[in-house]
Each structure stands twice: as structure tokens, then as C-alpha cells.
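Colleague: Just structure.cif, nothing more (mmCIF, N, CA and C atoms):
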data_final
loop_
_atom_site.label_atom_id
_atom_site.label_comp_id
_atom_site.auth_asym_id
_atom_site.auth_seq_id
_atom_site.Cartn_x
_atom_site.Cartn_y
_atom_site.Cartn_z
N MET A 1 0.83 -1.18 0.00
CA MET A 1 0.00 0.00 0.00
C MET A 1 0.88 1.25 0.00
N VAL A 2 1.93 1.22 0.78
CA VAL A 2 2.82 2.38 0.84
C VAL A 2 3.46 2.61 -0.52
N LEU A 3 3.85 1.54 -1.19
CA LEU A 3 4.46 1.67 -2.50
C LEU A 3 3.47 2.25 -3.51
N CYS A 4 2.25 1.77 -3.48
CA CYS A 4 1.23 2.26 -4.43
C CYS A 4 0.82 3.70 -4.13
N SER A 5 0.94 4.13 -2.89
CA SER A 5 0.52 5.48 -2.54
C SER A 5 1.40 6.55 -3.17
N CYS A 6 2.57 6.19 -3.65
CA CYS A 6 3.44 7.18 -4.29
C CYS A 6 3.19 7.28 -5.78
N LEU A 7 2.37 6.40 -6.35
CA LEU A 7 2.13 6.44 -7.79
C LEU A 7 1.28 7.65 -8.20
N GLY A 8 0.28 8.01 -7.41
CA GLY A 8 -0.56 9.18 -7.71
C GLY A 8 0.23 10.47 -7.72
N PRO A 9 1.00 10.75 -6.67
CA PRO A 9 1.83 11.96 -6.70
C PRO A 9 2.84 11.97 -7.84
N THR A 10 3.37 10.80 -8.18
CA THR A 10 4.31 10.75 -9.30
C THR A 10 3.63 11.15 -10.60
N LEU A 11 2.44 10.64 -10.82
CA LEU A 11 1.69 10.99 -12.02
C LEU A 11 1.32 12.47 -12.01
N GLY A 12 0.93 12.99 -10.85
CA GLY A 12 0.60 14.41 -10.75
C GLY A 12 1.80 15.30 -11.03
N MET A 13 2.97 14.88 -10.60
CA MET A 13 4.18 15.68 -10.86
C MET A 13 4.54 15.67 -12.34
N VAL A 14 4.24 14.58 -13.01
CA VAL A 14 4.61 14.47 -14.42
C VAL A 14 3.62 15.19 -15.32
N ARG A 15 2.32 15.05 -15.05
CA ARG A 15 1.30 15.55 -15.96
C ARG A 15 0.63 16.85 -15.53
N GLY A 16 0.83 17.30 -14.31
CA GLY A 16 0.10 18.44 -13.80
C GLY A 16 0.69 19.78 -14.20
N THR A 17 -0.09 20.84 -13.93
CA THR A 17 0.39 22.20 -14.13
C THR A 17 1.45 22.51 -13.09
N GLN A 18 2.05 23.67 -13.21
CA GLN A 18 3.10 24.08 -12.26
C GLN A 18 2.57 24.07 -10.83
N GLU A 19 1.37 24.60 -10.63
CA GLU A 19 0.76 24.63 -9.29
C GLU A 19 0.49 23.23 -8.78
N VAL A 20 -0.04 22.37 -9.61
CA VAL A 20 -0.32 20.99 -9.22
C VAL A 20 0.98 20.25 -8.92
N GLN A 21 1.99 20.47 -9.72
CA GLN A 21 3.28 19.83 -9.47
C GLN A 21 3.86 20.23 -8.13
N ARG A 22 3.75 21.52 -7.80
CA ARG A 22 4.25 21.98 -6.50
C ARG A 22 3.54 21.29 -5.35
N ARG A 23 2.22 21.18 -5.47
CA ARG A 23 1.43 20.53 -4.40
C ARG A 23 1.81 19.05 -4.27
N PHE A 24 1.98 18.38 -5.39
CA PHE A 24 2.35 16.97 -5.33
C PHE A 24 3.76 16.76 -4.80
N ILE A 25 4.66 17.67 -5.10
CA ILE A 25 6.01 17.58 -4.53
C ILE A 25 5.94 17.72 -3.02
N LEU A 26 5.13 18.67 -2.54
CA LEU A 26 4.96 18.84 -1.09
C LEU A 26 4.35 17.57 -0.48
N LEU A 27 3.34 17.01 -1.14
CA LEU A 27 2.74 15.77 -0.64
C LEU A 27 3.75 14.63 -0.63
N SER A 28 4.59 14.57 -1.64
CA SER A 28 5.61 13.52 -1.70
C SER A 28 6.62 13.66 -0.57
N ILE A 29 6.99 14.89 -0.26
CA ILE A 29 7.92 15.13 0.85
C ILE A 29 7.30 14.67 2.16
N PHE A 30 6.03 15.06 2.40
CA PHE A 30 5.35 14.64 3.63
C PHE A 30 5.23 13.12 3.69
N SER A 31 4.89 12.51 2.57
CA SER A 31 4.75 11.06 2.53
C SER A 31 6.08 10.37 2.81
N PHE A 32 7.14 10.88 2.20
CA PHE A 32 8.46 10.29 2.40
C PHE A 32 8.89 10.40 3.86
N ILE A 33 8.70 11.56 4.45
CA ILE A 33 9.10 11.75 5.85
C ILE A 33 8.26 10.87 6.77
N GLY A 34 6.94 10.91 6.62
CA GLY A 34 6.06 10.16 7.51
C GLY A 34 6.20 8.66 7.36
N SER A 35 6.02 8.17 6.15
CA SER A 35 6.09 6.72 5.92
C SER A 35 7.51 6.21 6.07
N GLY A 36 8.47 7.00 5.62
CA GLY A 36 9.87 6.58 5.73
C GLY A 36 10.32 6.42 7.16
N SER A 37 9.94 7.38 8.00
CA SER A 37 10.34 7.26 9.41
C SER A 37 9.65 6.07 10.07
N TYR A 38 8.39 5.84 9.73
CA TYR A 38 7.68 4.71 10.30
C TYR A 38 8.31 3.39 9.85
N MET A 39 8.60 3.29 8.56
CA MET A 39 9.20 2.05 8.06
C MET A 39 10.62 1.84 8.58
N ALA A 40 11.36 2.90 8.80
CA ALA A 40 12.74 2.77 9.27
C ALA A 40 12.82 2.46 10.76
N VAL A 41 11.88 2.98 11.54
CA VAL A 41 11.96 2.82 13.00
C VAL A 41 11.06 1.70 13.50
N VAL A 42 9.81 1.68 13.07
CA VAL A 42 8.83 0.78 13.66
C VAL A 42 8.85 -0.61 13.02
N MET A 43 8.88 -0.68 11.72
CA MET A 43 8.79 -1.98 11.05
C MET A 43 9.91 -2.96 11.44
N PRO A 44 11.17 -2.54 11.51
CA PRO A 44 12.20 -3.49 11.94
C PRO A 44 11.95 -4.04 13.35
N ARG A 45 11.43 -3.20 14.22
CA ARG A 45 11.13 -3.64 15.59
C ARG A 45 10.02 -4.68 15.57
N TYR A 46 8.98 -4.43 14.79
CA TYR A 46 7.87 -5.38 14.70
C TYR A 46 8.32 -6.70 14.10
N LEU A 47 9.20 -6.66 13.13
CA LEU A 47 9.69 -7.90 12.52
C LEU A 47 10.47 -8.74 13.52
N VAL A 48 11.25 -8.10 14.36
CA VAL A 48 12.00 -8.82 15.39
C VAL A 48 11.04 -9.42 16.40
N ILE A 49 10.02 -8.66 16.81
CA ILE A 49 9.04 -9.16 17.78
C ILE A 49 8.29 -10.36 17.19
N ARG A 50 7.89 -10.26 15.94
CA ARG A 50 7.14 -11.36 15.31
C ARG A 50 7.99 -12.61 15.12
N ALA A 51 9.28 -12.46 14.98
CA ALA A 51 10.15 -13.60 14.76
C ALA A 51 10.37 -14.41 16.05
N ARG A 52 10.14 -13.83 17.17
CA ARG A 52 10.33 -14.53 18.45
C ARG A 52 9.19 -15.50 18.70
N ALA A 53 9.53 -16.62 19.30
CA ALA A 53 8.54 -17.65 19.59
C ALA A 53 7.75 -17.35 20.86
N SER A 54 8.36 -16.57 21.75
CA SER A 54 7.67 -16.27 23.01
C SER A 54 7.85 -14.79 23.35
N TYR A 55 7.04 -14.35 24.28
CA TYR A 55 7.08 -12.95 24.72
C TYR A 55 8.39 -12.67 25.45
N GLN A 56 9.04 -11.58 25.06
CA GLN A 56 10.26 -11.15 25.73
C GLN A 56 10.14 -9.64 26.00
N PRO A 57 10.06 -9.26 27.26
CA PRO A 57 9.83 -7.85 27.59
C PRO A 57 10.90 -6.90 27.08
N GLU A 58 12.13 -7.37 26.96
CA GLU A 58 13.22 -6.48 26.51
C GLU A 58 13.02 -6.02 25.06
N LEU A 59 12.21 -6.74 24.29
CA LEU A 59 11.93 -6.32 22.91
C LEU A 59 11.11 -5.03 22.86
N PHE A 60 10.47 -4.69 23.96
CA PHE A 60 9.64 -3.50 24.00
C PHE A 60 10.35 -2.31 24.64
N ASP A 61 11.64 -2.46 24.93
CA ASP A 61 12.43 -1.34 25.40
C ASP A 61 12.59 -0.34 24.26
N GLY A 62 12.67 0.93 24.61
CA GLY A 62 12.82 1.96 23.59
C GLY A 62 11.53 2.27 22.86
N TRP A 63 10.40 2.07 23.51
CA TRP A 63 9.10 2.33 22.89
C TRP A 63 8.93 3.79 22.53
N GLU A 64 9.77 4.66 23.13
CA GLU A 64 9.68 6.10 22.84
C GLU A 64 9.99 6.37 21.36
N LYS A 65 10.87 5.56 20.78
CA LYS A 65 11.19 5.73 19.36
C LYS A 65 9.98 5.40 18.49
N VAL A 66 9.26 4.37 18.88
CA VAL A 66 8.04 4.00 18.14
C VAL A 66 7.01 5.11 18.27
N LEU A 67 6.86 5.63 19.47
CA LEU A 67 5.92 6.73 19.69
C LEU A 67 6.31 7.96 18.87
N ALA A 68 7.59 8.28 18.86
CA ALA A 68 8.05 9.43 18.08
C ALA A 68 7.80 9.22 16.58
N ALA A 69 8.05 8.02 16.08
CA ALA A 69 7.80 7.73 14.67
C ALA A 69 6.32 7.84 14.33
N ARG A 70 5.48 7.39 15.23
CA ARG A 70 4.03 7.51 15.00
C ARG A 70 3.58 8.96 15.05
N ILE A 71 4.15 9.73 15.94
CA ILE A 71 3.81 11.16 16.00
C ILE A 71 4.23 11.85 14.72
N VAL A 72 5.40 11.52 14.20
CA VAL A 72 5.85 12.08 12.92
C VAL A 72 4.89 11.67 11.81
N LEU A 73 4.49 10.41 11.79
CA LEU A 73 3.56 9.92 10.76
C LEU A 73 2.23 10.67 10.84
N TYR A 74 1.67 10.79 12.03
CA TYR A 74 0.38 11.49 12.18
C TYR A 74 0.51 12.97 11.85
N THR A 75 1.62 13.59 12.25
CA THR A 75 1.83 15.01 11.95
C THR A 75 1.93 15.26 10.46
N THR A 76 2.69 14.44 9.77
CA THR A 76 2.80 14.63 8.32
C THR A 76 1.48 14.34 7.62
N THR A 77 0.69 13.43 8.16
CA THR A 77 -0.63 13.17 7.59
C THR A 77 -1.52 14.40 7.75
N ILE A 78 -1.50 15.01 8.91
CA ILE A 78 -2.30 16.22 9.14
C ILE A 78 -1.79 17.37 8.27
N LEU A 79 -0.48 17.51 8.16
CA LEU A 79 0.08 18.58 7.32
C LEU A 79 -0.24 18.37 5.85
N SER A 80 -0.49 17.14 5.45
CA SER A 80 -0.82 16.84 4.05
C SER A 80 -2.23 17.29 3.68
N LEU A 81 -3.07 17.55 4.67
CA LEU A 81 -4.45 17.92 4.39
C LEU A 81 -4.55 19.23 3.60
N HIS A 82 -3.75 20.22 3.94
CA HIS A 82 -3.83 21.50 3.24
C HIS A 82 -3.51 21.36 1.75
N PRO A 83 -2.40 20.73 1.37
CA PRO A 83 -2.16 20.55 -0.08
C PRO A 83 -3.23 19.69 -0.75
N LEU A 84 -3.76 18.71 -0.04
CA LEU A 84 -4.80 17.88 -0.62
C LEU A 84 -6.07 18.69 -0.89
N PHE A 85 -6.47 19.51 0.08
CA PHE A 85 -7.65 20.35 -0.11
C PHE A 85 -7.41 21.37 -1.21
N ALA A 86 -6.19 21.88 -1.31
CA ALA A 86 -5.87 22.83 -2.38
C ALA A 86 -5.96 22.14 -3.74
N LEU A 87 -5.51 20.90 -3.85
CA LEU A 87 -5.65 20.16 -5.10
C LEU A 87 -7.11 19.95 -5.44
N GLN A 88 -7.92 19.66 -4.43
CA GLN A 88 -9.35 19.47 -4.66
C GLN A 88 -9.98 20.75 -5.18
N SER A 89 -9.62 21.88 -4.60
CA SER A 89 -10.19 23.15 -5.05
C SER A 89 -9.72 23.48 -6.47
N LEU A 90 -8.48 23.13 -6.81
CA LEU A 90 -8.00 23.34 -8.18
C LEU A 90 -8.80 22.49 -9.16
N ALA A 91 -9.14 21.28 -8.79
CA ALA A 91 -9.93 20.40 -9.65
C ALA A 91 -11.34 20.94 -9.82
N GLU A 92 -11.93 21.48 -8.74
CA GLU A 92 -13.28 22.04 -8.81
C GLU A 92 -13.31 23.27 -9.70
N VAL A 93 -12.30 24.14 -9.60
CA VAL A 93 -12.23 25.32 -10.44
C VAL A 93 -12.07 24.90 -11.90
N ARG A 94 -11.27 23.90 -12.13
CA ARG A 94 -11.05 23.42 -13.49
C ARG A 94 -12.35 22.87 -14.08
N ASP A 95 -13.13 22.13 -13.26
CA ASP A 95 -14.40 21.58 -13.73
C ASP A 95 -15.40 22.69 -14.04
N GLU A 96 -15.39 23.77 -13.25
CA GLU A 96 -16.31 24.88 -13.46
C GLU A 96 -15.98 25.65 -14.74
N GLU A 97 -14.72 25.64 -15.13
CA GLU A 97 -14.31 26.36 -16.33
C GLU A 97 -14.66 25.62 -17.61
N ARG A 98 -14.91 24.33 -17.53
CA ARG A 98 -15.24 23.56 -18.72
C ARG A 98 -16.65 23.92 -19.19
N PRO A 99 -16.84 24.00 -20.47
CA PRO A 99 -18.20 24.27 -20.97
C PRO A 99 -19.09 23.06 -20.75
N VAL A 100 -20.33 23.34 -20.46
CA VAL A 100 -21.31 22.28 -20.21
C VAL A 100 -21.88 21.84 -21.56
N LYS A 101 -21.85 20.56 -21.80
CA LYS A 101 -22.40 20.02 -23.05
C LYS A 101 -23.89 19.77 -22.86
N LYS A 102 -24.65 20.22 -23.82
CA LYS A 102 -26.10 19.98 -23.78
C LYS A 102 -26.41 18.76 -24.62
N CYS A 103 -27.24 17.91 -24.09
CA CYS A 103 -27.60 16.68 -24.82
C CYS A 103 -28.71 16.94 -25.80
#
Can you dump the structure from the file as C-alpha cells?

Modeller:
Amino acid sequence: MVLCSCLGPTLGMVRGTQEVQRRFILLSIFSFIGSGSYMAVVMPRYLVIRARASYQPELFDGWEKVLAARIVLYTTTILSLHPLFALQSLAEVRDEERPVKKC
């Protein structure tokens, strides 16, 4: 899912107007920071925990790093809302500018 989530911004950067490209670049930066930090910090820890046959409390030491990575992920998700809403408004303006076809 994380891999597929970068395909839309990539397409927007390639085919969009200058304004759209800027918004998608910003979204890509937020996505890279949020998802990248989560995958770099949290996923390796989860893989080690899942590989163990029994519960070991020492595997949960350093939970602050997991919390920090999640806070970064949630913060970048919230920060992504403004560019997303701006893209939506650009699409609505573009739709309003198109002539209406009468059947």
C-alpha cells in the first residue's frame, strides 16, 4: 500500500500544471518523511518481535522511538491535508471552467 501510494503523486508531478506539481512535490515530501520514518523505525522492531517464539519484555524497550515515529507519521498526515484540499479546489475550479455540453 505504501508503494502504491506514491504512484498518484508521481503521475501528478509528471502531468500536472506548475501549481499541481508543486502541491504533489509537497505531498511527496510529507509522505516520504512520515512513511519513511515509520518504516525505518517501527517496522524493523515489529519484525524482530514477530520472529520470536515467546514474549520477551526487553523487545519493548525503547518504545519512545516507536511513539516518536508515530507522532511524525500522524503530523505529516495532518500537514498533508492543506495541499490535498488545495488540489481538490483546483480540480473544482477546473471543472467549473469547462463548458457544459447539452444533450

Colleague: Please enclose the listed atoms of range 49-55 of chain A in an axis-aligned box, pad each side by 6 Å, and write out the centre and the three edge lengths in Å, rounded to one decimal, as lines of an AutoDock Vina configuration file.

Modeller:
center_x = 8.7
center_y = -13.2
center_z = 20.1
size_x = 15.3
size_y = 21.0
size_z = 22.7

Colleague: Quick one: of A:Met13, A:Leu7, A:Val20, A:Ile33, who's nearest to Thr76 in chain A, counting only C-alpha atoms?

Modeller: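 Among A:Met13, A:Leu7, A:Val20, A:Ile33, it is A:Ile33 that comes nearest to Thr76 in chain A.
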
Colleague: Need to verify the contact set: range 38-54 of chain A, 6.5 Å, only N, CA and C atoms, exclusion of same-chain residues closer than 5 positions in sequence. Can you return it as number ranges by chain?

Modeller: A: 33, 65-66, 69-70, 73

Colleague: Please measure the separation of atom C of Ser37 in chain A and atom N of Arg15 in chain A, giving the value in Å to one decimal.

Modeller: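 Straight-line distance from atom C of Ser37 in chain A to atom N of Arg15 in chain A works out to 27.7 Å.
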
Colleague: How many Å separate CA of Ser80 in chain A from CA of Ser31 in chain A?

Modeller: 8.2 Å

Colleague: To test your reading of the structure, identify every residue in range 8-80 of chain A that backbone DSSP assigns to alpha helix (DSSP H), and report it as a VMD selection string.

Modeller: chain A and resid 8 to 15 18 to 51 63 to 79
